[in-house]
Every structure is written in structure tokens, then in C-alpha cells.
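> Take a look at input13.pdb, PDB, C-alpha atoms, pLDDT in the B column:
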MODEL        1
ATOM      1  CA  MET A 112      91.658 184.485 147.550  1.00 42.00           C
ATOM      2  CA  ARG A 113      91.815 181.178 145.713  1.00 45.00           C
ATOM      3  CA  ALA A 114      93.657 180.700 142.431  1.00 48.00           C
ATOM      4  CA  GLU A 115      91.334 179.458 139.692  1.00 52.00           C
ATOM      5  CA  ALA A 116      92.510 176.613 137.500  1.00 52.00           C
ATOM      6  CA  VAL A 117      92.673 177.494 133.827  1.00 57.00           C
ATOM      7  CA  ASP A 118      91.061 175.054 131.424  1.00 61.00           C
ATOM      8  CA  THR A 119      93.528 173.444 129.094  1.00 67.00           C
ATOM      9  CA  VAL A 120      92.936 171.307 126.034  1.00 64.00           C
ATOM     10  CA  GLU A 121      94.177 168.289 127.981  1.00 66.00           C
ATOM     11  CA  ARG A 122      91.514 168.717 130.679  1.00 69.00           C
ATOM     12  CA  SER A 123      88.551 170.265 128.905  1.00 79.00           C
ATOM     13  CA  PRO A 124      86.544 168.230 126.412  1.00 83.00           C
ATOM     14  CA  PHE A 125      84.587 171.419 125.635  1.00 87.00           C
ATOM     15  CA  LEU A 126      87.735 173.139 124.322  1.00 87.00           C
ATOM     16  CA  ARG A 127      88.569 170.052 122.288  1.00 88.00           C
ATOM     17  CA  TRP A 128      85.156 170.088 120.630  1.00 91.00           C
ATOM     18  CA  ILE A 129      85.509 173.798 119.890  1.00 93.00           C
ATOM     19  CA  MET A 130      88.825 173.066 118.155  1.00 92.00           C
ATOM     20  CA  ILE A 131      87.394 170.111 116.247  1.00 94.00           C
ATOM     21  CA  GLY A 132      84.206 171.927 115.249  1.00 96.00           C
ATOM     22  CA  SER A 133      85.876 175.120 114.112  1.00 96.00           C
ATOM     23  CA  SER A 134      88.522 173.228 112.136  1.00 95.00           C
ATOM     24  CA  ALA A 135      85.858 171.026 110.552  1.00 96.00           C
ATOM     25  CA  LEU A 136      83.775 174.050 109.612  1.00 97.00           C
ATOM     26  CA  GLY A 137      86.794 175.822 108.124  1.00 96.00           C
ATOM     27  CA  MET A 138      88.034 172.807 106.156  1.00 96.00           C
ATOM     28  CA  GLY A 139      84.534 172.037 104.895  1.00 96.00           C
ATOM     29  CA  CYS A 140      84.037 175.605 103.686  1.00 96.00           C
ATOM     30  CA  LEU A 141      87.496 175.608 102.112  1.00 94.00           C
ATOM     31  CA  LEU A 142      86.891 172.474 100.058  1.00 95.00           C
ATOM     32  CA  ALA A 143      83.364 173.552  99.137  1.00 95.00           C
ATOM     33  CA  SER A 144      84.655 176.919  97.938  1.00 94.00           C
ATOM     34  CA  LEU A 145      87.216 175.224  95.703  1.00 93.00           C
ATOM     35  CA  THR A 146      84.469 173.300  93.918  1.00 93.00           C
ATOM     36  CA  VAL A 147      82.643 176.496  92.946  1.00 93.00           C
ATOM     37  CA  LEU A 148      85.694 178.259  91.470  1.00 89.00           C
ATOM     38  CA  ASP A 149      85.586 178.806  87.731  1.00 86.00           C
ATOM     39  CA  LEU A 150      87.472 180.791  85.131  1.00 81.00           C
ATOM     40  CA  GLY A 151      85.371 183.624  83.724  1.00 79.00           C
ATOM     41  CA  LYS A 152      85.940 186.615  81.490  1.00 79.00           C
ATOM     42  CA  GLY A 153      87.037 188.785  84.411  1.00 71.00           C
ATOM     43  CA  GLY A 154      89.231 186.127  86.032  1.00 72.00           C
ATOM     44  CA  ILE A 155      88.161 183.890  88.874  1.00 79.00           C
ATOM     45  CA  GLU A 156      84.403 183.614  89.336  1.00 84.00           C
ATOM     46  CA  PHE A 157      82.195 181.578  91.610  1.00 87.00           C
ATOM     47  CA  HIS A 158      79.535 179.374  90.045  1.00 88.00           C
ATOM     48  CA  TRP A 159      77.473 176.929  92.057  1.00 92.00           C
ATOM     49  CA  SER A 160      78.403 173.278  91.760  1.00 91.00           C
ATOM     50  CA  ASN A 161      76.666 170.333  93.365  1.00 94.00           C
ATOM     51  CA  TYR A 162      80.119 168.968  94.205  1.00 95.00           C
ATOM     52  CA  ALA A 163      80.155 171.508  97.036  1.00 95.00           C
ATOM     53  CA  LEU A 164      77.540 169.390  98.800  1.00 96.00           C
ATOM     54  CA  LEU A 165      80.010 166.486  98.807  1.00 96.00           C
ATOM     55  CA  ALA A 166      83.155 168.522  99.413  1.00 96.00           C
ATOM     56  CA  PHE A 167      81.893 170.206 102.593  1.00 97.00           C
ATOM     57  CA  PRO A 168      81.334 167.007 104.610  1.00 97.00           C
ATOM     58  CA  ALA A 169      84.525 165.485 103.157  1.00 97.00           C
ATOM     59  CA  GLY A 170      86.575 168.444 104.393  1.00 96.00           C
ATOM     60  CA  ALA A 171      84.802 168.470 107.744  1.00 97.00           C
ATOM     61  CA  LEU A 172      85.459 164.758 108.233  1.00 97.00           C
ATOM     62  CA  LEU A 173      89.101 165.162 107.231  1.00 96.00           C
ATOM     63  CA  ALA A 174      89.718 167.921 109.791  1.00 96.00           C
ATOM     64  CA  ALA A 175      87.713 166.225 112.547  1.00 96.00           C
ATOM     65  CA  GLY A 176      89.441 162.918 111.917  1.00 95.00           C
ATOM     66  CA  TYR A 177      92.855 164.538 112.127  1.00 94.00           C
ATOM     67  CA  TRP A 178      92.101 166.224 115.456  1.00 92.00           C
ATOM     68  CA  LEU A 179      90.548 163.075 116.890  1.00 91.00           C
ATOM     69  CA  LEU A 180      93.732 161.224 115.920  1.00 90.00           C
ATOM     70  CA  VAL A 181      95.864 163.892 117.587  1.00 88.00           C
ATOM     71  CA  PHE A 182      93.851 163.806 120.809  1.00 85.00           C
ATOM     72  CA  ARG A 183      93.613 160.005 120.896  1.00 84.00           C
ATOM     73  CA  LEU A 184      97.361 159.604 120.476  1.00 80.00           C
ATOM     74  CA  GLY A 185      98.040 162.438 122.917  1.00 68.00           C
ATOM     75  CA  ASP A 186      96.024 160.721 125.658  1.00 63.00           C
ATOM     76  CA  GLN A 187      97.833 157.398 125.287  1.00 65.00           C
ATOM     77  CA  ASP A 188     101.440 156.482 125.771  1.00 61.00           C
ATOM     78  CA  GLN A 189     103.551 157.642 122.885  1.00 67.00           C
ATOM     79  CA  THR A 190     104.312 154.482 120.942  1.00 72.00           C
ATOM     80  CA  THR A 191     106.547 154.449 117.909  1.00 73.00           C
ATOM     81  CA  SER A 192     103.734 153.393 115.588  1.00 77.00           C
ATOM     82  CA  GLY A 193     101.418 156.069 116.985  1.00 79.00           C
ATOM     83  CA  ARG A 194     104.011 158.766 116.455  1.00 81.00           C
ATOM     84  CA  ARG A 195     104.612 157.492 112.938  1.00 86.00           C
ATOM     85  CA  VAL A 196     100.884 157.627 112.137  1.00 87.00           C
ATOM     86  CA  LEU A 197     100.609 161.139 113.545  1.00 87.00           C
ATOM     87  CA  PHE A 198     103.719 162.280 111.673  1.00 90.00           C
ATOM     88  CA  GLY A 199     102.398 160.799 108.426  1.00 92.00           C
ATOM     89  CA  SER A 200      98.997 162.416 108.948  1.00 93.00           C
ATOM     90  CA  SER A 201     100.605 165.765 109.666  1.00 93.00           C
ATOM     91  CA  ILE A 202     102.740 165.533 106.518  1.00 95.00           C
ATOM     92  CA  PHE A 203      99.616 164.645 104.522  1.00 95.00           C
ATOM     93  CA  MET A 204      97.749 167.654 105.946  1.00 94.00           C
ATOM     94  CA  LEU A 205     100.708 169.915 105.130  1.00 92.00           C
ATOM     95  CA  ILE A 206     100.907 168.689 101.531  1.00 95.00           C
ATOM     96  CA  PHE A 207      97.123 168.948 101.253  1.00 94.00           C
ATOM     97  CA  ALA A 208      97.207 172.550 102.533  1.00 91.00           C
ATOM     98  CA  VAL A 209      99.875 173.545 100.005  1.00 89.00           C
ATOM     99  CA  ALA A 210      97.928 171.858  97.181  1.00 92.00           C
ATOM    100  CA  VAL A 211      94.698 173.607  98.176  1.00 92.00           C
ATOM    101  CA  PHE A 212      96.538 176.920  98.357  1.00 86.00           C
ATOM    102  CA  MET A 213      98.107 176.421  94.927  1.00 86.00           C
ATOM    103  CA  TYR A 214      94.928 175.145  93.208  1.00 89.00           C
ATOM    104  CA  PRO A 215      93.519 178.609  92.359  1.00 85.00           C
ATOM    105  CA  LEU A 216      96.779 179.491  90.573  1.00 84.00           C
ATOM    106  CA  ARG A 217      95.546 177.504  87.586  1.00 84.00           C
ATOM    107  CA  PHE A 218      92.965 180.243  86.960  1.00 83.00           C
ATOM    108  CA  ILE A 219      95.613 182.959  86.623  1.00 83.00           C
ATOM    109  CA  THR A 220      96.511 183.913  83.068  1.00 81.00           C
ATOM    110  CA  PRO A 221     100.041 182.881  81.985  1.00 82.00           C
ATOM    111  CA  GLU A 222     101.212 186.480  81.498  1.00 84.00           C
ATOM    112  CA  LYS A 223     100.303 187.373  85.111  1.00 85.00           C
ATOM    113  CA  ARG A 224     101.491 184.106  86.654  1.00 85.00           C
ATOM    114  CA  SER A 225     105.115 185.236  87.118  1.00 90.00           C
ATOM    115  CA  ASP A 226     103.999 188.389  88.973  1.00 93.00           C
ATOM    116  CA  VAL A 227     101.784 186.321  91.262  1.00 90.00           C
ATOM    117  CA  LEU A 228     104.586 183.828  91.968  1.00 89.00           C
ATOM    118  CA  ILE A 229     106.994 186.680  92.766  1.00 94.00           C
ATOM    119  CA  GLY A 230     104.405 188.123  95.156  1.00 94.00           C
ATOM    120  CA  LEU A 231     103.892 184.716  96.784  1.00 90.00           C
ATOM    121  CA  THR A 232     107.634 184.302  97.234  1.00 93.00           C
ATOM    122  CA  VAL A 233     107.937 187.715  98.870  1.00 96.00           C
ATOM    123  CA  ALA A 234     104.942 186.967 101.122  1.00 94.00           C
ATOM    124  CA  ILE A 235     106.395 183.609 102.156  1.00 93.00           C
ATOM    125  CA  GLY A 236     109.727 185.266 102.946  1.00 96.00           C
ATOM    126  CA  ALA A 237     108.091 188.030 104.984  1.00 97.00           C
ATOM    127  CA  LEU A 238     105.874 185.611 106.909  1.00 94.00           C
ATOM    128  CA  SER A 239     108.860 183.361 107.570  1.00 96.00           C
ATOM    129  CA  CYS A 240     110.761 186.308 109.056  1.00 97.00           C
ATOM    130  CA  VAL A 241     107.801 187.250 111.249  1.00 97.00           C
ATOM    131  CA  GLY A 242     107.405 183.625 112.342  1.00 95.00           C
ATOM    132  CA  TYR A 243     111.088 183.431 113.225  1.00 97.00           C
ATOM    133  CA  MET A 244     110.851 186.644 115.275  1.00 97.00           C
ATOM    134  CA  ILE A 245     107.781 185.367 117.148  1.00 96.00           C
ATOM    135  CA  ARG A 246     109.524 182.035 117.802  1.00 95.00           C
ATOM    136  CA  THR A 247     112.607 183.866 119.090  1.00 96.00           C
ATOM    137  CA  VAL A 248     110.579 186.075 121.446  1.00 96.00           C
ATOM    138  CA  VAL A 249     108.603 183.090 122.778  1.00 94.00           C
ATOM    139  CA  LYS A 250     111.835 181.153 123.351  1.00 94.00           C
ATOM    140  CA  MET A 251     113.381 184.105 125.189  1.00 94.00           C
ATOM    141  CA  LEU A 252     110.296 184.501 127.386  1.00 91.00           C
ATOM    142  CA  GLU A 253     110.249 180.763 128.161  1.00 88.00           C
ATOM    143  CA  ASP A 254     113.937 180.850 129.088  1.00 90.00           C
ATOM    144  CA  GLU A 255     113.323 183.851 131.349  1.00 88.00           C
ATOM    145  CA  ASP A 256     110.320 182.119 132.911  1.00 84.00           C
ATOM    146  CA  ASP A 257     112.387 178.994 133.592  1.00 83.00           C
ATOM    147  CA  ALA A 258     115.124 181.114 135.216  1.00 84.00           C
ATOM    148  CA  ASN A 259     112.640 182.977 137.461  1.00 84.00           C
ATOM    149  CA  PRO A 260     110.000 180.589 138.831  1.00 78.00           C
ATOM    150  CA  PRO A 261     106.861 182.235 140.190  1.00 76.00           C
ATOM    151  CA  PRO A 262     106.446 182.590 143.954  1.00 79.00           C
ATOM    152  CA  PRO A 263     104.176 180.071 145.690  1.00 80.00           C
ATOM    153  CA  LEU A 264     100.482 180.946 145.870  1.00 77.00           C
ATOM    154  CA  PRO A 265      99.239 182.239 149.223  1.00 81.00           C
ATOM    155  CA  ARG A 266      96.765 179.983 151.040  1.00 75.00           C
TER     156      ARG A 266
ENDMDL
END
For this file, write the structure as C-alpha cells.


Amino acid sequence: MRAEAVDTVERSPFLRWIMIGSSALGMGCLLASLTVLDLGKGGIEFHWSNYALLAFPAGALLAAGYWLLVFRLGDQDQTTSGRRVLFGSSIFMLIFAVAVFMYPLRFITPEKRSDVLIGLTVAIGALSCVGYMIRTVVKMLEDEDDANPPPPLPR
């Protein structure tokens, strides 16, 4: 019985294009959905805006460009300038994600805003705890895997 090689992102251009395409689709839909948000009588409502036609490709290009930068720099030798560009791009994407997440808060009425911010704080705390637990378990499993290498494959 022969061991099959598992495709990794480093070796499979197909997996890379799946990552790029799905991220581009998600970012395009995210930005397009923000352009159709509006404040109505019942709270947040969606009303069509032609800006969505511009926002979708802009978001798709932003996500695709980021991943292409990541893969291009990952394939080459890690130079200081390349790492700096990637770090700067990652910081930009993080700030952009927070801004996009916070944008709909402007549609919340001032009397409900404190309740929403308290809920967001609790959610961030809970998700941070879960993330820390997952990180701890992964680190423990990696340490155990390093201590017990797998046996060689039979020929």
C-alpha cells in the first residue's frame, strides 16, 4: 500500500485559487452589502444602491490582491522589504476588517448603543478565551507530535 501525498497550499495552485476566489467573493459581497445598508423606521434596512456594482469588484480585487501578495512573497526568499510590505498589508486588512465591522454601528440608536457595545465586549472576551483554548490545545498536540515522531512508512 502506497502513502498518498496530501495537497498543500504550497504545492497546489488549485487550492490557492480556491482560497483567492472564495476570499474575493466574500470580500466583494461584504463591501457590496455595506453600500445597501440604510437607516429605516424599524432600524437597519437594505435598499439597493448602484454603489454596490462598484464595491463588489473593489472588495474582490482587494482580497485577491492580498492573497496574491502573500503567495508571491511566500514563494520567494524572505527579504526584509517583502516582510515589511506583507506586515503593512496585513495591518491594513486588520484595520479595514475592524472598520467594516464597526460601520453598521452608526445605524444603532443612541439609547441602544451602550447595550450593543456591552454585548460586543462580552462576545470579544468569550471568543478570545475560546481562541486561547484552541491555541493551547494545538500547541500541546504539536509538542506531543514533536516528542513522538511517526514510524517510517512501510515500502

> A:Leu197, A:Leu172, A:Ile219, A:Leu184: which is nearest Leu148 (chain A), counting all atoms listed in the file?

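Among the listed residues, the smallest separation from Leu148 (chain A) belongs to A:Ile219.
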
> Just how far from CA of Ala208 (chain A) is CA of Val196 (chain A), in Å to one decimal?

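The value is 18.1 Å.
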
> On this structure, which residues satisfy the PyMOL selection byres ((chain A and resi 215) around 12), written as a ChimeraX atom specification?

/A:141-142,144-150,154-157,209-214,216-220,224,227

> Would you pick out the contacts of Gly139 (chain A) at 7 Å or less, using all atoms listed in the file, so that residues sharing its chain but fewer than 3 positions from it are not included, and give the list as a list in words?

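My list of contacting residues is Ala135, Leu136, Leu142, Ala143, Ala166, Phe167, Pro168, Ala169, Gly170 and Ala171 of chain A.
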
> How big is the axis-aligned box around all listed atoms of region 191-198 of chain A once 3 Å goes on each side, and where's its centre, in Å to one decimal, as JSON?


{"center_x": 103.6, "center_y": 157.8, "center_z": 114.8, "size_x": 11.9, "size_y": 14.9, "size_z": 12.2}

> Do you have the CA of Leu205 (chain A)-CA of Asp226 (chain A) distance handy?

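Separation of CA of Leu205 (chain A) and CA of Asp226 (chain A): 24.8 Å.
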
> Tell me, in Å to one decimal, how far CA of Leu165 (chain A) is from CA of Ile131 (chain A).

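CA of Leu165 (chain A) sits 19.3 Å away from CA of Ile131 (chain A).
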